Structure formats: C-alpha cells, structure tokens
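Let me begin by presenting the structure, written as structure tokens, before commenting on it.
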Amino acid sequence: MNLRQVDLNLLVYLHILIEERSVSGAANRLALTQSAMSNALKRLRDLFGDPLLVRSGSVMMCTEKALALQPQLEHFLTLAQAITTQEQDFDPSRSEHTFRIMANEFLVASLLVPFISEVLSAYQGINIDLINPSDVTLSELEHGQVDIAIDRFTRMPASFHQATLWRDNYCCLTSKEHPLQQHLDLETYLANPHVWLNRSGFGPEPMIKNREPQKLGWVDQALVQLGERRNIRVYARHHSLIPALCADSQLIATLPRRLAEHIIAQSNAPLALCAVPFPIVPIGVSMLWSPLVHHSPAHIWLRQQLQSYT
C-alpha cells in the first residue's frame, strides 16, 4: 500500500464507524451526510480488502479485520494528536530540564551565579550545565547541543540568533599608587607595562604566534589608530590573576568596566580604577543561539530570564 495514495481521514472515519457500528451514527459524530459516510465506508472496504462492518439484522457487526484494526487505529490517532498539538508553554516549576550555557569565568561570576542561585532555589527541576568556551565548538552550538553561548561576538553565521545583554566601556585597573592614578594621560599610559587579558572563543585556543597590535584586541586596535602601541609584559588567560599581577607592580590592565569592578569587589588588593586616556569603542556582550532551538518554549524562557539579569 502506497501511503501517499491513502486519505488518512479515512482512518478517522473507520475509528468512529467501529465505535458507533452505525453509518448514520458515525455520520452524525463527524458532521457528515449519511451518503458521504457510506462512500467513505466503501473506500475503506476497498482499501483493506474487507467488508469491515456487515449488517446482522437491525445492527452492524465488526469483522475480525475491523476488530484487529481498532487498537492500532487508537494508537495511530493518539500519536497523530500528540504530533499536531501545539507545544504548551514552558512551566519551570513543573519541568525537569538541564540548560547548557557557554560562558567565560567572568561572565559566570558576574552574570550567571546570581541567575543560577535564584533559579535553583525557585525551581527544583531546573539544572544548569556551565561550559567553558574552549570546550565548545561552533558545530555543537549550531546543532543545539549547547543552548546559549554568552560572549563578545564579531563574526557568526547569519542563521544564528543573537541578542545583546549589555554594553560596557573600558577602564584601567592598577594599584592605588600607580602613576596613572595621578597623571591620567596617554603618555603615562604608554610609559608603563601592561597585562593583556584574552577573551576565550570557541574551541581550543591556539598559542599566540603573532603579537602585532591589530591581532590582540580592541584596545590595541584603538591605539593603532593613534599610531601607538602599548608595552605588553604579561599575557593572561584568567581574570582571577589580575589582582595579584597589578597590586604590587606598575602593570596596567585595560578591561571592561563591569569586569574591573567585579575584580575589585572580589579582591582585598589595593586596586583602583580610572578612565582610559584615549578613545575606544564600547564592547557588547551578547548571547547567541541556534535557529534549531529558537522556537522552543524552554529556550524562550531561558533567554527571557537571562535578559532580566542584565
């Protein structure tokens, strides 16, 4: 039997006919005329090569074939109903769901820890799987294996969805006694050594082979526009190292203000902030997700919750 040639509505009709054991009764339930129902029964008999319902006196009786089909029809119609029923809104209080979120250590500490603390206390079935950027590939995000990636993104596939969580300006973090705190000018900034904090992207991070300013990030790109470059003495990967590196040295860390404020709040080191003494474009932190999960009620709920914490 070629399924493409079968009118699946006939299976609905047969299900009702078996229940009613009456052409007129089935027609009434389906809001069809009796002649239309009789025609449907004829087509069903041709389809299955069996009379299905036969008259016995004043009633109609189901054949063995019809009785054998009945549980299969019930299963088929239940499955069809489930497939075609619109997915219900996500209810976090009743759901058991694990969300996989990619973010670096700063974003986890400043954004996700408060979010996670509230979610875990409010919703017993919701779990969070935090993933380091170096452990995620773009393919995993594309296939929906990671729910959301949070970072600074420049070039991404056009099919991805993206929403800005916050924008931030840069500032300088130094020891309280640093010369830049007394003389906030470009000359002092360039005369002192710097620590460069890398943002991790997707996949394993390669070794730095080209330390030209235009390869290092937005701070160095801004300096290139002025015909200048800073003297980077330390290349760091973890923001937790910044307090120890800057507190007792002449090192300057040029960081997004939200990150710098987080570092100072978490540290007892004698640190201070000041403005960057040259123009630099603010950064944007966004969340990125695959089109495969865009319409998922659970995913929509997650995105809304994350945006409420920024």
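Going by the structure tokens order, chains are called A, B, ..., each with residues numbered from 1, while ligands are numbered from 1 in the order shown.
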
Secondary structure check, strand (DSSP E) residues of region 88-278 of chain A, as a PyMOL selection string: chain A and resi 97-102+126-131+148-151+161-168+170-175+193-197+231-236+252-256+271-275

Distance query Ala158 (chain A) at most 12 Å, only C-alpha atoms, self and fewer than 3 positions along chain excluded, as a ChimeraX atom specification: /A:142,154-155,161-162,288-291

From A:Ala40, A:Val195, A:Ile148, A:Met156, residue lying nearest Val293 (chain A) [only C-alpha atoms]: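 When distances to Val293 (chain A) are compared using only C-alpha atoms, the smallest one comes from A:Ile148.
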
Polymer residues at most 12 Å from region 24-33 of chain A, only C-alpha atoms, same-chain spacing of 3 or more positions, as an MDAnalysis selection string: chainID A and resid 9:10 12:21 36:41 59:60

12 Å contact set for Glu140 (chain A), only C-alpha atoms, chain neighbours under 4 positions out, as number ranges by chain: A: 100-102, 131, 133, 135-136, 144-149, 202-203, 289-290, 292

Using only C-alpha atoms: which of A:Leu190, A:Ile283, A:Leu271, A:Ile126 has the shortest distance to Gly227 (chain A): A:Leu190

Long-range neighbours of Gly125 (chain A) as a VMD selection string, 8 Å cut-off, only C-alpha atoms, 6 positions minimum in chain: chain A and resid 92 to 97

Residues from last step as file, C-alpha atoms, as a PDB file, in the first residue's frame:
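Result file follows (again08.pdb):
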ATOM      1  CA  PRO A  92       9.766  25.877  35.110  1.00  0.00           C
ATOM      2  CA  SER A  93       8.020  24.934  38.353  1.00  0.00           C
ATOM      3  CA  ARG A  94       6.970  21.568  36.867  1.00  0.00           C
ATOM      4  CA  SER A  95       9.752  20.929  34.363  1.00  0.00           C
ATOM      5  CA  GLU A  96      12.876  18.805  34.695  1.00  0.00           C
ATOM      6  CA  HIS A  97      15.290  20.430  32.286  1.00  0.00           C
TER       7      HIS A  97
END

Length of the CA of His294 (chain A) to CA of Phe160 (chain A) vector [Å]: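 Pair CA of His294 (chain A) / CA of Phe160 (chain A) returns 9.2 Å.
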
Contacts of Asp7 (chain A) within 10 Å, only C-alpha atoms, excl. fewer than 6 positions in-chain, as a PyMOL selection string: chain A and resi 43-44+47

Point-to-point distance in Å for CA of Pro243 (chain A) and CA of Tyr189 (chain A):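 The value is 18.4 Å.
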
Nearest to Ser249 (chain A) by atom-to-atom distance, counting only C-alpha atoms, from A:Ala269, A:Leu165, A:Val108, A:Leu223: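 Of the candidates, the smallest distance to Ser249 (chain A) is held by A:Ala269.
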
Distance of CA of Val54 (chain A) from CA of Ser35 (chain A), expressed in Å to one decimal place: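 Between CA of Ser35 (chain A) and CA of Val54 (chain A) the gap is 16.8 Å.
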